[in-house]
Structures are given as structure tokens and as C-alpha cells.
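A.B. asks: What follows is the file start-v2.txt, containing compact mmCIF, C-alpha atoms and all ligand atoms:
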# COMPACT_ATOMS: atom_id res chain seq x y z
CA MET A 1 0.00 0.00 0.00
CA SER A 2 1.23 3.47 -0.81
CA VAL A 3 1.24 6.09 1.95
CA THR A 4 -0.89 8.24 -0.36
CA GLU A 5 -3.79 5.90 0.43
CA LEU A 6 -3.48 6.98 4.04
CA PHE A 7 -4.10 10.67 3.31
CA ALA A 8 -7.13 12.13 5.11
CA THR A 9 -10.27 12.81 3.08
CA ARG A 10 -9.71 16.55 3.53
CA THR A 11 -6.84 16.35 1.04
CA GLU A 12 -9.32 15.52 -1.73
CA GLY A 13 -10.27 19.20 -2.01
CA MET A 14 -6.64 20.35 -2.12
CA HIS A 15 -5.47 20.87 -5.69
CA ALA A 16 -2.34 22.43 -7.18
CA SER A 17 -3.11 26.06 -7.94
CA GLU A 18 -3.45 26.72 -11.66
CA ILE A 19 -1.65 30.02 -11.13
CA ARG A 20 1.36 28.59 -9.32
CA GLU A 21 1.78 25.85 -11.91
CA LEU A 22 1.60 28.45 -14.64
CA LEU A 23 4.06 30.83 -13.02
CA LYS A 24 6.68 28.11 -13.19
CA LEU A 25 6.52 28.28 -16.99
CA LEU A 26 7.02 32.01 -17.18
CA ASP A 27 10.71 32.40 -16.57
CA GLN A 28 11.45 32.95 -20.24
CA PRO A 29 12.33 36.63 -20.71
CA GLU A 30 10.54 37.11 -24.05
CA ILE A 31 7.13 36.44 -22.49
CA ILE A 32 5.09 39.45 -21.41
CA SER A 33 3.25 38.19 -18.37
CA PHE A 34 0.02 39.63 -17.00
CA ALA A 35 -0.26 36.45 -14.92
CA GLY A 36 1.43 37.62 -11.72
CA GLY A 37 -0.34 39.00 -8.73
CA ILE A 38 2.66 40.32 -6.90
CA PRO A 39 4.10 43.74 -6.01
CA ASP A 40 6.86 45.28 -8.12
CA PRO A 41 10.12 44.42 -6.30
CA ALA A 42 11.64 47.69 -7.55
CA LEU A 43 9.22 49.43 -5.18
CA PHE A 44 10.08 47.52 -2.01
CA PRO A 45 11.25 49.86 0.79
CA ARG A 46 14.57 48.02 0.81
CA VAL A 47 16.71 50.69 2.44
CA GLU A 48 14.14 51.17 5.22
CA PHE A 49 14.06 47.42 5.86
CA ALA A 50 17.86 47.24 5.92
CA GLU A 51 17.88 49.93 8.59
CA ALA A 52 15.03 48.30 10.51
CA LEU A 53 16.68 44.86 10.49
CA ALA A 54 19.99 46.40 11.62
CA TRP A 55 18.11 48.08 14.48
CA ALA A 56 16.22 44.88 15.37
CA THR A 57 19.43 42.86 15.53
CA SER A 58 21.36 45.51 17.43
CA ASP A 59 22.77 44.92 20.93
CA THR A 60 19.76 46.44 22.62
CA GLU A 61 17.05 44.67 20.57
CA ALA A 62 18.43 41.24 19.64
CA ALA A 63 17.45 39.56 22.90
CA GLN A 64 13.86 40.32 21.94
CA SER A 65 13.94 40.01 18.13
CA LEU A 66 15.67 36.62 18.11
CA GLN A 67 13.57 35.23 20.94
CA TYR A 68 10.14 33.55 21.15
CA ALA A 69 7.35 36.06 21.60
CA PRO A 70 3.65 36.02 22.56
CA SER A 71 1.33 34.34 20.03
CA GLU A 72 -0.84 37.47 19.78
CA GLY A 73 2.03 39.40 18.19
CA TYR A 74 4.58 42.14 18.88
CA THR A 75 2.82 44.79 20.94
CA PRO A 76 4.18 47.92 19.16
CA LEU A 77 3.01 46.45 15.84
CA ARG A 78 -0.44 45.69 17.27
CA GLU A 79 -0.53 49.27 18.58
CA TRP A 80 0.38 50.62 15.13
CA ILE A 81 -2.47 48.54 13.67
CA VAL A 82 -4.91 49.96 16.23
CA ARG A 83 -3.93 53.48 15.08
CA TYR A 84 -4.09 52.48 11.40
CA MET A 85 -7.55 50.90 11.79
CA ALA A 86 -8.69 54.14 13.49
CA THR A 87 -7.79 56.04 10.28
CA LEU A 88 -10.21 53.67 8.48
CA GLY A 89 -12.99 54.33 10.99
CA VAL A 90 -12.52 51.19 13.10
CA SER A 91 -12.11 51.70 16.81
CA CYS A 92 -10.41 48.69 18.40
CA ALA A 93 -8.09 47.78 21.27
CA VAL A 94 -4.80 45.90 21.12
CA ASP A 95 -6.67 42.80 22.34
CA ASN A 96 -8.76 42.89 19.17
CA VAL A 97 -5.62 42.42 17.03
CA LEU A 98 -3.79 39.19 16.17
CA ILE A 99 -0.65 39.21 14.01
CA THR A 100 -0.62 36.39 11.44
CA ALA A 101 1.93 35.04 8.96
CA GLY A 102 0.34 36.95 6.09
CA SER A 103 -3.41 37.21 5.67
CA GLN A 104 -3.32 33.79 4.01
CA GLN A 105 -2.74 32.23 7.43
CA ALA A 106 -5.74 34.12 8.77
CA LEU A 107 -7.90 32.60 6.01
CA ASP A 108 -6.73 29.12 6.97
CA TYR A 109 -7.46 29.76 10.65
CA LEU A 110 -10.89 31.18 9.86
CA GLY A 111 -11.73 28.08 7.83
CA LYS A 112 -10.58 25.98 10.79
CA LEU A 113 -12.50 28.18 13.22
CA PHE A 114 -15.87 28.07 11.47
CA LEU A 115 -16.20 25.20 9.01
CA ASP A 116 -17.36 21.70 9.77
CA PRO A 117 -17.54 19.43 6.72
CA LYS A 118 -20.59 20.33 4.55
CA ASP A 119 -21.06 23.75 6.13
CA THR A 120 -21.73 26.49 3.61
CA ALA A 121 -19.22 29.31 2.99
CA LEU A 122 -20.65 32.19 0.95
CA VAL A 123 -18.05 33.60 -1.44
CA GLY A 124 -17.85 35.91 -4.44
CA TRP A 125 -18.41 34.39 -7.86
CA PRO A 126 -15.48 34.75 -8.74
CA THR A 127 -13.41 34.98 -5.55
CA TYR A 128 -9.78 34.87 -4.41
CA LEU A 129 -8.39 31.49 -5.38
CA GLY A 130 -6.21 31.32 -2.26
CA ALA A 131 -9.30 31.65 -0.06
CA LEU A 132 -10.92 28.68 -1.79
CA GLY A 133 -7.62 26.83 -1.31
CA ALA A 134 -7.56 27.66 2.40
CA PHE A 135 -11.22 26.79 3.01
CA ASN A 136 -11.22 23.61 0.90
CA ALA A 137 -9.20 21.76 3.56
CA TYR A 138 -12.24 22.09 5.86
CA GLN A 139 -14.58 20.51 3.29
CA PRO A 140 -17.27 23.17 2.95
CA VAL A 141 -19.78 23.66 0.16
CA TYR A 142 -19.91 27.07 -1.44
CA GLY A 143 -22.78 29.46 -1.98
CA ARG A 144 -22.76 32.73 -3.83
CA ILE A 145 -22.71 36.26 -2.37
CA ASP A 146 -24.70 38.65 -4.47
CA PRO A 147 -25.70 41.89 -2.73
CA ARG A 148 -28.33 42.54 -5.41
CA ALA A 149 -29.97 39.10 -5.28
CA ASN A 150 -33.34 38.78 -3.57
CA ARG A 151 -32.88 35.38 -1.99
CA SER A 152 -34.28 35.42 1.52
CA ALA A 153 -32.27 34.37 4.56
CA GLU A 154 -34.67 31.39 4.97
CA GLU A 155 -33.99 30.20 1.43
CA ILE A 156 -30.21 30.38 1.96
CA THR A 157 -30.43 28.65 5.35
CA GLN A 158 -32.65 25.87 3.99
CA LYS A 159 -30.37 25.27 1.04
CA ALA A 160 -27.39 24.93 3.41
CA ALA A 161 -29.37 22.47 5.55
CA SER A 162 -30.28 20.43 2.48
CA ARG A 163 -26.55 20.22 1.73
CA GLY A 164 -25.87 18.83 5.19
CA GLY A 165 -24.62 21.83 7.20
CA ARG A 166 -25.11 25.48 8.20
CA VAL A 167 -24.13 28.76 6.63
CA LYS A 168 -21.14 29.95 8.66
CA PHE A 169 -19.68 33.00 6.96
CA ALA A 170 -19.49 35.25 3.93
CA TYR A 171 -15.94 35.86 2.68
CA LEU A 172 -15.27 38.85 0.46
CA SER A 173 -12.92 41.66 -0.50
CA ALA A 174 -14.90 44.90 -0.42
CA ASP A 175 -12.07 46.86 -2.08
CA PHE A 176 -10.42 45.95 -5.41
CA ALA A 177 -11.12 42.26 -5.20
CA ASN A 178 -8.79 39.66 -6.59
CA PRO A 179 -9.56 38.77 -9.41
CA THR A 180 -12.07 41.40 -10.61
CA GLY A 181 -10.55 44.62 -9.24
CA LEU A 182 -14.09 45.65 -8.27
CA THR A 183 -15.28 47.36 -5.11
CA PHE A 184 -18.58 47.16 -3.24
CA ASP A 185 -20.12 50.59 -2.72
CA ARG A 186 -21.57 51.68 0.61
CA ALA A 187 -25.08 50.44 -0.18
CA GLU A 188 -23.76 47.03 -1.21
CA ARG A 189 -21.65 46.80 1.97
CA GLU A 190 -24.69 47.68 4.08
CA ALA A 191 -26.81 45.15 2.18
CA ILE A 192 -24.29 42.37 2.82
CA LEU A 193 -24.08 43.30 6.51
CA ALA A 194 -27.87 43.30 6.80
CA LYS A 195 -28.04 39.89 5.12
CA ALA A 196 -25.32 38.59 7.48
CA ASP A 197 -27.39 39.84 10.43
CA ALA A 198 -30.49 38.10 9.06
CA LEU A 199 -28.52 34.88 8.49
CA ASP A 200 -26.64 35.24 11.78
CA ILE A 201 -23.29 34.45 10.18
CA ALA A 202 -19.78 35.92 10.34
CA VAL A 203 -18.38 38.21 7.65
CA ILE A 204 -14.72 37.77 6.70
CA GLU A 205 -13.55 41.02 5.13
CA ASP A 206 -10.30 40.58 3.18
CA GLY A 207 -8.59 43.97 3.13
CA ALA A 208 -5.45 42.85 1.26
CA TYR A 209 -5.78 45.60 -1.39
CA GLN A 210 -7.67 48.14 0.71
CA ALA A 211 -4.86 50.75 0.80
CA LEU A 212 -4.21 50.62 -2.94
CA ARG A 213 -6.84 53.09 -4.20
CA TYR A 214 -5.71 55.20 -7.17
CA SER A 215 -8.83 57.24 -7.93
CA GLY A 216 -12.33 57.91 -6.58
CA THR A 217 -13.28 58.16 -2.92
CA ALA A 218 -12.71 55.45 -0.35
CA TYR A 219 -15.57 53.66 1.40
CA PRO A 220 -15.17 52.65 5.03
CA PRO A 221 -14.37 48.96 5.60
CA MET A 222 -17.42 46.84 6.36
CA LEU A 223 -16.14 46.46 9.91
CA ALA A 224 -16.25 50.27 10.30
CA LEU A 225 -19.82 50.43 8.94
CA GLU A 226 -20.95 47.65 11.25
CA GLN A 227 -19.26 49.24 14.24
CA ALA A 228 -20.83 52.62 13.44
CA ARG A 229 -24.24 50.93 13.57
CA LYS A 230 -23.68 48.68 16.60
CA GLY A 231 -21.37 50.93 18.62
CA ASP A 232 -19.23 48.23 20.12
CA MET A 233 -16.47 46.17 18.49
CA GLU A 234 -17.55 43.22 20.62
CA ALA A 235 -21.00 43.26 18.98
CA CYS A 236 -19.52 43.03 15.47
CA ARG A 237 -19.69 39.88 13.33
CA THR A 238 -17.17 41.21 10.78
CA ILE A 239 -13.60 39.88 10.96
CA TYR A 240 -11.15 42.13 9.13
CA CYS A 241 -8.01 40.55 7.61
CA GLY A 242 -5.20 42.98 6.81
CA SER A 243 -1.82 42.48 5.17
CA PHE A 244 1.50 44.26 4.74
CA SER A 245 2.18 42.16 1.64
CA LYS A 246 0.87 44.61 -0.95
CA THR A 247 1.97 47.78 0.87
CA LEU A 248 5.43 46.91 2.26
CA ALA A 249 6.72 43.44 1.34
CA PRO A 250 5.12 39.98 1.03
CA GLY A 251 8.32 38.04 1.78
CA LEU A 252 8.19 38.97 5.46
CA ARG A 253 4.79 37.24 5.85
CA VAL A 254 3.16 39.70 8.20
CA GLY A 255 -0.59 40.27 8.27
CA TRP A 256 -3.26 40.81 10.92
CA VAL A 257 -6.81 40.14 12.01
CA VAL A 258 -9.09 42.60 13.79
CA ALA A 259 -12.19 41.11 15.38
CA ALA A 260 -14.20 40.78 18.58
CA LYS A 261 -12.12 39.37 21.44
CA PRO A 262 -13.62 35.85 21.57
CA VAL A 263 -12.69 35.38 17.90
CA ILE A 264 -9.14 36.63 18.51
CA GLN A 265 -8.76 34.45 21.63
CA GLN A 266 -9.75 31.31 19.72
CA MET A 267 -7.44 32.23 16.83
CA VAL A 268 -4.57 32.75 19.30
CA LEU A 269 -5.05 29.11 20.39
CA MET A 270 -4.84 28.05 16.73
CA LYS A 271 -1.71 30.12 16.27
CA GLN A 272 -0.15 28.47 19.32
CA ALA A 273 -0.94 25.05 17.94
CA ALA A 274 0.17 25.81 14.38
CA ASP A 275 3.36 27.90 14.59
CA LEU A 276 3.44 29.49 18.08
CA GLN A 277 3.84 33.02 16.69
CA THR A 278 4.69 35.09 13.63
CA ALA A 279 8.48 35.64 13.27
CA THR A 280 9.52 38.19 15.91
CA LEU A 281 12.26 39.74 13.78
CA ASN A 282 9.87 40.29 10.87
CA GLN A 283 7.22 41.83 13.10
CA MET A 284 9.75 44.22 14.63
CA ALA A 285 11.07 45.24 11.20
CA VAL A 286 7.55 45.79 9.85
CA ALA A 287 6.59 47.84 12.92
CA ARG A 288 9.67 50.04 12.50
CA VAL A 289 9.17 50.57 8.74
CA ALA A 290 5.40 51.10 9.04
CA GLU A 291 5.97 53.69 11.77
CA ALA A 292 8.55 55.53 9.67
CA VAL A 293 7.21 55.48 6.10
CA PHE A 294 3.87 53.65 5.69
CA ASP A 295 1.88 56.64 4.47
CA SER A 296 4.54 58.10 2.19
CA HIS A 297 5.40 54.69 0.78
CA VAL A 298 1.78 53.83 0.03
CA GLU A 299 1.44 57.24 -1.63
CA LYS A 300 4.32 56.31 -3.93
CA LEU A 301 2.77 52.91 -4.73
CA ARG A 302 -0.53 54.59 -5.55
CA GLU A 303 1.16 56.89 -8.01
CA VAL A 304 3.10 54.16 -9.84
CA TYR A 305 0.39 51.48 -9.85
CA GLY A 306 -2.33 54.01 -10.65
CA HIS A 307 -0.33 55.08 -13.68
CA ARG A 308 0.02 51.45 -14.79
CA LEU A 309 -3.71 50.79 -14.32
CA ASN A 310 -4.51 53.82 -16.49
CA ALA A 311 -2.02 52.61 -19.09
CA MET A 312 -3.70 49.19 -19.15
CA LEU A 313 -7.21 50.62 -19.44
CA ALA A 314 -6.10 52.95 -22.27
CA SER A 315 -4.37 50.08 -24.10
CA LEU A 316 -7.44 47.86 -23.74
CA GLY A 317 -9.52 50.66 -25.27
CA HIS A 318 -7.14 50.79 -28.25
CA HIS A 319 -6.49 47.14 -28.95
CA MET A 320 -9.48 45.02 -27.94
CA PRO A 321 -11.82 43.66 -30.58
CA GLU A 322 -15.62 43.96 -30.32
CA GLY A 323 -17.19 41.31 -28.10
CA VAL A 324 -14.89 41.48 -25.09
CA ASP A 325 -15.55 43.52 -21.98
CA TRP A 326 -13.46 44.36 -18.94
CA THR A 327 -13.70 45.94 -15.48
CA ARG A 328 -12.53 49.50 -14.77
CA PRO A 329 -11.13 49.24 -11.23
CA GLU A 330 -10.12 52.23 -9.11
CA GLY A 331 -7.33 50.34 -7.33
CA GLY A 332 -5.70 47.00 -6.61
CA MET A 333 -3.64 44.99 -9.06
CA PHE A 334 -6.07 43.41 -11.52
CA VAL A 335 -8.38 43.98 -14.48
CA TRP A 336 -10.88 41.21 -15.23
CA MET A 337 -12.03 40.42 -18.74
CA HIS A 338 -15.11 38.68 -20.13
CA LEU A 339 -14.42 36.88 -23.37
CA PRO A 340 -17.18 36.06 -25.85
CA GLU A 341 -19.59 33.30 -24.76
CA GLY A 342 -18.15 29.86 -25.47
CA MET A 343 -14.51 30.97 -25.59
CA ASP A 344 -12.27 29.26 -23.03
CA GLY A 345 -9.71 31.38 -21.13
CA ALA A 346 -7.40 28.37 -20.70
CA GLU A 347 -7.46 27.61 -24.44
CA LEU A 348 -6.85 31.27 -25.22
CA LEU A 349 -3.86 31.19 -22.86
CA ALA A 350 -2.34 28.14 -24.57
CA GLN A 351 -2.69 29.84 -27.96
CA ALA A 352 -1.51 33.26 -26.71
CA LEU A 353 1.58 31.78 -25.05
CA ARG A 354 2.52 29.96 -28.24
CA THR A 355 1.72 32.59 -30.87
CA GLN A 356 2.06 35.91 -29.03
CA LYS A 357 4.34 35.10 -26.09
CA ILE A 358 1.96 36.60 -23.54
CA ALA A 359 0.49 35.12 -20.37
CA PHE A 360 -2.45 35.82 -18.05
CA VAL A 361 -4.56 33.73 -15.69
CA PRO A 362 -7.63 31.91 -17.04
CA GLY A 363 -10.64 32.89 -14.92
CA GLY A 364 -12.39 29.55 -14.33
CA ALA A 365 -10.23 28.70 -11.29
CA PHE A 366 -11.63 31.72 -9.41
CA PHE A 367 -15.15 30.25 -9.43
CA ALA A 368 -15.90 27.70 -6.73
CA ASP A 369 -17.66 25.55 -9.35
CA GLY A 370 -15.09 26.13 -12.14
CA SER A 371 -17.78 27.84 -14.25
CA ASN A 372 -17.41 31.00 -16.35
CA ARG A 373 -14.40 29.74 -18.25
CA ASN A 374 -14.78 32.63 -20.70
CA THR A 375 -12.90 34.97 -18.34
CA ILE A 376 -9.29 35.98 -17.73
CA ARG A 377 -7.38 38.01 -15.10
CA LEU A 378 -4.82 40.62 -16.12
CA ASN A 379 -2.25 41.98 -13.64
CA PHE A 380 -0.78 45.44 -14.18
CA SER A 381 1.44 45.99 -11.13
CA LEU A 382 4.65 44.55 -12.56
CA LEU A 383 5.03 46.13 -16.00
CA ASP A 384 5.84 49.59 -17.38
CA ASP A 385 3.38 51.38 -19.75
CA LYS A 386 5.19 50.46 -22.93
CA THR A 387 5.32 46.76 -22.09
CA ILE A 388 1.67 46.87 -21.00
CA ASP A 389 0.71 48.41 -24.35
CA GLU A 390 2.71 45.86 -26.35
CA GLY A 391 1.27 42.98 -24.28
CA ILE A 392 -2.31 44.21 -24.68
CA ARG A 393 -1.76 44.69 -28.41
CA ARG A 394 -0.66 41.04 -28.59
CA LEU A 395 -3.66 39.99 -26.50
CA GLY A 396 -5.88 41.70 -29.10
CA GLU A 397 -4.15 39.65 -31.83
CA ALA A 398 -4.59 36.42 -29.86
CA LEU A 399 -8.28 37.20 -29.32
CA ARG A 400 -8.88 37.93 -32.99
CA ALA A 401 -7.23 34.62 -33.92
CA GLU A 402 -9.37 32.76 -31.38
CA MET A 403 -12.56 34.47 -32.59
CA ALA A 404 -11.76 33.48 -36.19
CA LYS A 405 -11.62 29.77 -35.24
N1 LIG A 501 -6.16 37.98 0.02
C1 LIG A 501 -6.09 38.33 -1.26
C2 LIG A 501 -7.32 38.85 -1.91
C3 LIG A 501 -4.89 38.17 -1.97
O1 LIG A 501 -4.84 38.49 -3.26
C4 LIG A 501 -3.75 37.67 -1.29
C5 LIG A 501 -2.41 37.48 -1.98
N2 LIG A 501 -2.40 37.27 -3.30
C6 LIG A 501 -3.89 37.32 0.04
C7 LIG A 501 -5.10 37.50 0.69
C8 LIG A 501 -2.76 36.72 0.84
O2 LIG A 501 -1.77 37.62 1.03
P1 LIG A 501 -0.72 37.53 2.23
O3 LIG A 501 -0.83 36.18 2.85
O4 LIG A 501 0.60 37.74 1.58
O5 LIG A 501 -1.11 38.61 3.18
Here is the file; what I need is its structure written in the form of C-alpha cells.
Ligand code: PMP

C.D. replies:
Amino acid sequence: MSVTELFATRTEGMHASEIRELLKLLDQPEIISFAGGIPDPALFPRVEFAEALAWATSDTEAAQSLQYAPSEGYTPLREWIVRYMATLGVSCAVDNVLITAGSQQALDYLGKLFLDPKDTALVGWPTYLGALGAFNAYQPVYGRIDPRANRSAEEITQKAASRGGRVKFAYLSADFANPTGLTFDRAEREAILAKADALDIAVIEDGAYQALRYSGTAYPPMLALEQARKGDMEACRTIYCGSFSKTLAPGLRVGWVVAAKPVIQQMVLMKQAADLQTATLNQMAVARVAEAVFDSHVEKLREVYGHRLNAMLASLGHHMPEGVDWTRPEGGMFVWMHLPEGMDGAELLAQALRTQKIAFVPGGAFFADGSNRNTIRLNFSLLDDKTIDEGIRRLGEALRAEMAK
């Protein structure tokens, strides 16, 4: 017998990510890749981190930075997050904050916290692939969040019961979602919160791209809206997941959760069991850099990425054939495209890689049921305007060839 036959049933829902497999193929320099979803390394605050790491490993700090630390996280970093959340309209205490190894770890813990097998998780259609990956290990079924749909709470609850479990949470990015780049407006946020109240479920708000707004006016996070209505953080059902990955550097793996204390306390127990704590040195470096340059650095990112987003939208306007449509985000890292009915994003990718030397991510993987294969995700954070324009021109050629088939 092979040991693979001993794997637990939960592994059945764990598949290799289409994106990660694809990224392995993209090392060739002649390929223009819109497939990434990562920050531009040229924009990392490298000098600031060099200084911060030198400080953290200095005589006075090393006994702390190289030592075990509390599972909740490094207190000055949690205090910085309390102040940062206040700028977004969320009033919380240090005890409402847990530091995680990136927001990805928070998604895993939240799956572990809420999901019994066959419970229903409500997600966007499409949604962040990494969230599906994190939740899949807990064997849920998925339902669809649609703030404009009229389905009653009873209908949703009954459907979940007929599938063998309960609705436990809605997971969403309210700002510049991965993969669509789209944002929920205030009315949509309120509608989702009201539906969550009616269903009596948690809301997991993924704020990974929240700070990266390039135009338009910001909406408060859903947690802020809920708190404004209910007054007290402890009465809130929204769990906010933040990350320094898109604003400072993903390689340090530092993110956070803000939620009511019982949620944080249970997640602290998970953290203790899983990895004891997020790396002390990394937390200290992030705290130091965030304190010194967070606002000015994010301002710089907004300028550069905003410029690239505009370049991509302009190029799409020039080069796309009739019959395709795309989102016009105000932030984040992605534009999402609808291809003509019946066209397959994965087939288009195979053809585009071969004939045009361009890459992007086929959209089907972002749907919990693998539907809507006539979609693709385009990333703009890594390329300069000229390369974006040349890549989008080639995408237009690839689309015309596919349409002529
Ligand atoms: N949420 C979303 C929507 C993301 O796109 C990502 C990263 N691609 C993450 C969470 C995870 O980011 P991290 O773990 O680096 O904070």
C-alpha cells in the first residue's frame, strides 16, 4: 500500500493552484506576463528594511527580536495597527488584534474556526483562489454572495441544511477584489451586513488591497460600517483581515486580524498550535518601517500602480476587438475580462503563449464551481506602460485569432 492511500479525506479538495503551476513556466524573458499577482520588487522599501533589520538585531534589541514572543504578536506592531484601523474608521483595542503570517494564514485559521464538513461558505463568484484553497481543507460547500440578489435568509439557510450543514460566513474583499478589481459601494456593503445579520453568520472582510486606491473616494471597511451601527467592536460579526504584503513586502509574511475578542482568543489558540507566533524579527522590522514610512510609501505605490492601471485601461480601449468587456477598477492589481460566450480562457492562454508570447490567468479557477471559463485576469502591477501596451496589443491579436476559429 502506498502512503498516499493513508491521506485524510480533507486532502481531496486540495489541488495544485493553476496560477502557481503556470508561473513556473514564465521564466522565459521574451514572455510578457500579466499572470502575476505580486508587487513590483523595484518598489520595495529596501533601504528602510535594511535599517530596521539592523536596528532589530542591534545589541539592545536582539534579545527580543531573536527570541520567542507572545502568540498574539509584537505589541508595538499591534498598537500601530490599532492606530491604522482608526484612520479607516474602526475603533479597536490591542486585544482585538492578532498578528498572522500573512493574511493567508488568517484565512486558513478562519476556515478551521468556522467550518465543519458540509457547512456552507458564501463567497464571491469569482473569488480569491487562495481563499478557496484555504477553506477547501475544511470541506465546505460554497454558496454565492450577491448583494443585489433577492434570496431570503430562509432560502439560503434551507439550502445549506439540504446540503448537510449550516451557513457559517461570507468571505469577500470589499475593495479591489482579486480577481475582478471591483469594489462594493456603501449600499452594497450595508446590504451584505444586513443579510449577514439576518442569516446570523460571520463576515470575513479581506482587506489585502484596501490601501491601494488610485482614484475615486474610499468607502469605510465593512467592519467600520458595522461598528458605526452597533457601537461596540464586541458586537460586530465582521472579521477584518489585513496584510503588509501589498503595501510593504510579502516576503516577510506579516498580516493581521481585527475582530471581537472571543474570535481573537480562539485564533490565538490556533496560532499556538500551528506555529506558536509570527516571526519576531519580521514583526519588529515591519513595525519600524510602518511607523517611519507607511503613508509616504503607500502614496508612492498609488502613483506608480495608478499610472500602470490607467495605461492598461487605455491600451485595452485601443487594442481590444468587439465582443470582449473588462472591469474598470479604481485600485488593486487586476483587471478582469469577459471573453465572448463559449470561448475558453485556458485555451486562449495556450494559444496566446505559443503565438504571441503573452500570459495571463484563465478565470475559471476563481469560481468555486469552475464555471465562467470565458474569463481571464490581467495583472498590471509589474510592467511599465510600454510593455503593457505591447502585451495588450498582442492579446488583441490572440483574441482575434481565437474568434476566427
Ligand atoms: N487575500 C487576497 C485577496 C490576496 O490576493 C492575497 C495574496 N495574493 C492574500 C489574501 C494573501 O496575502 P498575504 O498572505 O501575503 O497577506

A.B. asks: Go ahead and find all residues with at least one atom no further than 10 Å from (5.6, 51.0, 12.1) in the file's coordinates, using only C-alpha atoms; report them as an MDAnalysis selection string.

C.D. replies: chainID A and resid 52 76:81 84 283:294

A.B. asks: Which one is closest to ligand LIG 501 (chain A): A:Ile358, A:Ile99, A:Ala346, A:Ala161? Count all atoms listed in the file.

C.D. replies: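 Nearest to ligand LIG 501 (chain A): A:Ile99.
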
A.B. asks: Residues contacting ligand LIG 501 (chain A) - anything with an atom at most 9 Å away, using all atoms listed in the file - can you give me those as a short mmCIF file (atom, residue, chain, number, x, y, z; two decimals) with C-alpha atoms, in the frame of the given file?

C.D. replies:
data_model
loop_
_atom_site.label_atom_id
_atom_site.label_comp_id
_atom_site.auth_asym_id
_atom_site.auth_seq_id
_atom_site.Cartn_x
_atom_site.Cartn_y
_atom_site.Cartn_z
CA GLY A 37 -0.34 39.00 -8.73
CA ILE A 38 2.66 40.32 -6.90
CA THR A 100 -0.62 36.39 11.44
CA ALA A 101 1.93 35.04 8.96
CA GLY A 102 0.34 36.95 6.09
CA SER A 103 -3.41 37.21 5.67
CA GLN A 104 -3.32 33.79 4.01
CA GLN A 105 -2.74 32.23 7.43
CA ALA A 106 -5.74 34.12 8.77
CA LEU A 107 -7.90 32.60 6.01
CA THR A 127 -13.41 34.98 -5.55
CA TYR A 128 -9.78 34.87 -4.41
CA LEU A 129 -8.39 31.49 -5.38
CA GLY A 130 -6.21 31.32 -2.26
CA ALA A 131 -9.30 31.65 -0.06
CA LEU A 172 -15.27 38.85 0.46
CA SER A 173 -12.92 41.66 -0.50
CA PHE A 176 -10.42 45.95 -5.41
CA ALA A 177 -11.12 42.26 -5.20
CA ASN A 178 -8.79 39.66 -6.59
CA PRO A 179 -9.56 38.77 -9.41
CA ASP A 206 -10.30 40.58 3.18
CA GLY A 207 -8.59 43.97 3.13
CA ALA A 208 -5.45 42.85 1.26
CA TYR A 209 -5.78 45.60 -1.39
CA CYS A 241 -8.01 40.55 7.61
CA GLY A 242 -5.20 42.98 6.81
CA SER A 243 -1.82 42.48 5.17
CA PHE A 244 1.50 44.26 4.74
CA SER A 245 2.18 42.16 1.64
CA LYS A 246 0.87 44.61 -0.95
CA ALA A 249 6.72 43.44 1.34
CA PRO A 250 5.12 39.98 1.03
CA GLY A 251 8.32 38.04 1.78
CA LEU A 252 8.19 38.97 5.46
CA ARG A 253 4.79 37.24 5.85
CA VAL A 254 3.16 39.70 8.20
CA GLY A 255 -0.59 40.27 8.27
CA TRP A 256 -3.26 40.81 10.92
CA MET A 333 -3.64 44.99 -9.06
#

A.B. asks: For Ala170 (chain A), find every residue with an atom within 7 Å (counting only C-alpha atoms), except residues of its own chain fewer than 2 positions away, and show them as a ChimeraX atom specification.

C.D. replies: /A:121-123,172,202-204

A.B. asks: Quick one: of A:Leu98, A:Val258, A:Val167, A:Ala134, who's nearest to Lys118 (chain A), counting all atoms listed in the file?

C.D. replies: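 Among A:Leu98, A:Val258, A:Val167, A:Ala134, it is A:Val167 that comes nearest to Lys118 (chain A).
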
A.B. asks: Need the shell around region 194-196 of chain A: protein/DNA/RNA residues with any atom at most 12 Å away, counting all atoms listed in the file. Skip same-chain ones fewer than 6 positions apart. Format as a ChimeraX atom specification?

C.D. replies: /A:121-122,145-157,167-171,187-188,202-204,222,225-226,229-230,236-238

A.B. asks: Which of these, A:Leu276, A:Thr87, A:Asp40, A:Gly342, has the shortest distance to Asn372 (chain A) once you count only C-alpha atoms?

C.D. replies: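 Once distances to Asn372 (chain A) are computed over only C-alpha atoms, the minimum belongs to A:Gly342.
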
A.B. asks: May I ask which of the residues A:Leu281, A:Glu5, A:Ile239, A:Gly36 is the closest one to Trp55 (chain A), counting all atoms listed in the file?

C.D. replies: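 Between A:Leu281, A:Glu5, A:Ile239, A:Gly36, the residue approaching Trp55 (chain A) most closely is A:Leu281.
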
A.B. asks: Contacts of region 318-324 of chain A at 10 Å or less, counting only C-alpha atoms, minus same-chain residues fewer than 4 places along, as JSON, numbers by chain?

C.D. replies: {"A": [312, 313, 314, 337, 338, 339, 340, 341, 374, 375, 389, 390, 391, 392, 393, 394, 395, 396, 397, 399, 400, 403]}

A.B. asks: Mind giving me the straight-line distance from CA of Asp197 (chain A) to CA of Ser91 (chain A) in Å, one decimal?

C.D. replies: 20.4 Å

A.B. asks: Output as AutoDock Vina command-line options the centre and edge lengths (Å, one decimal) of the box along x, y and z of the file that holds every listed atom of region 361-364 of chain A after adding 5 Å on each side.

C.D. replies:
--center_x -8.5 --center_y 31.6 --center_z -15.7 --size_x 17.8 --size_y 14.2 --size_z 12.7

A.B. asks: When you count all atoms listed in the file, which of these residues is closest to Gly133 (chain A): A:Gly111, A:Leu301, A:Thr327, A:Trp336?

C.D. replies: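 Ranking A:Gly111, A:Leu301, A:Thr327, A:Trp336 by distance to Gly133 (chain A), first place goes to A:Gly111.
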
A.B. asks: Of the candidates A:Arg377, A:Lys112, A:Asp119, A:Arg328, which shows the shortest atom-to-atom distance to Gln266 (chain A), using all atoms listed in the file?

C.D. replies: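 Answer, going by the shortest atom-to-atom distance: A:Lys112.
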
A.B. asks: Give me, as a list in words, all polymer residues having an atom no more than 8 Å from region 330-332 of chain A, counting all atoms listed in the file and skipping those fewer than 3 positions away in the same chain.

C.D. replies: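 The neighbour list is Asp175, Phe176, Ala177, Asn178, Gly181, Leu182, Tyr209, Gln210, Leu212, Arg213, Tyr214, Ser215, Gly216, Gly306 and Leu309 of chain A.
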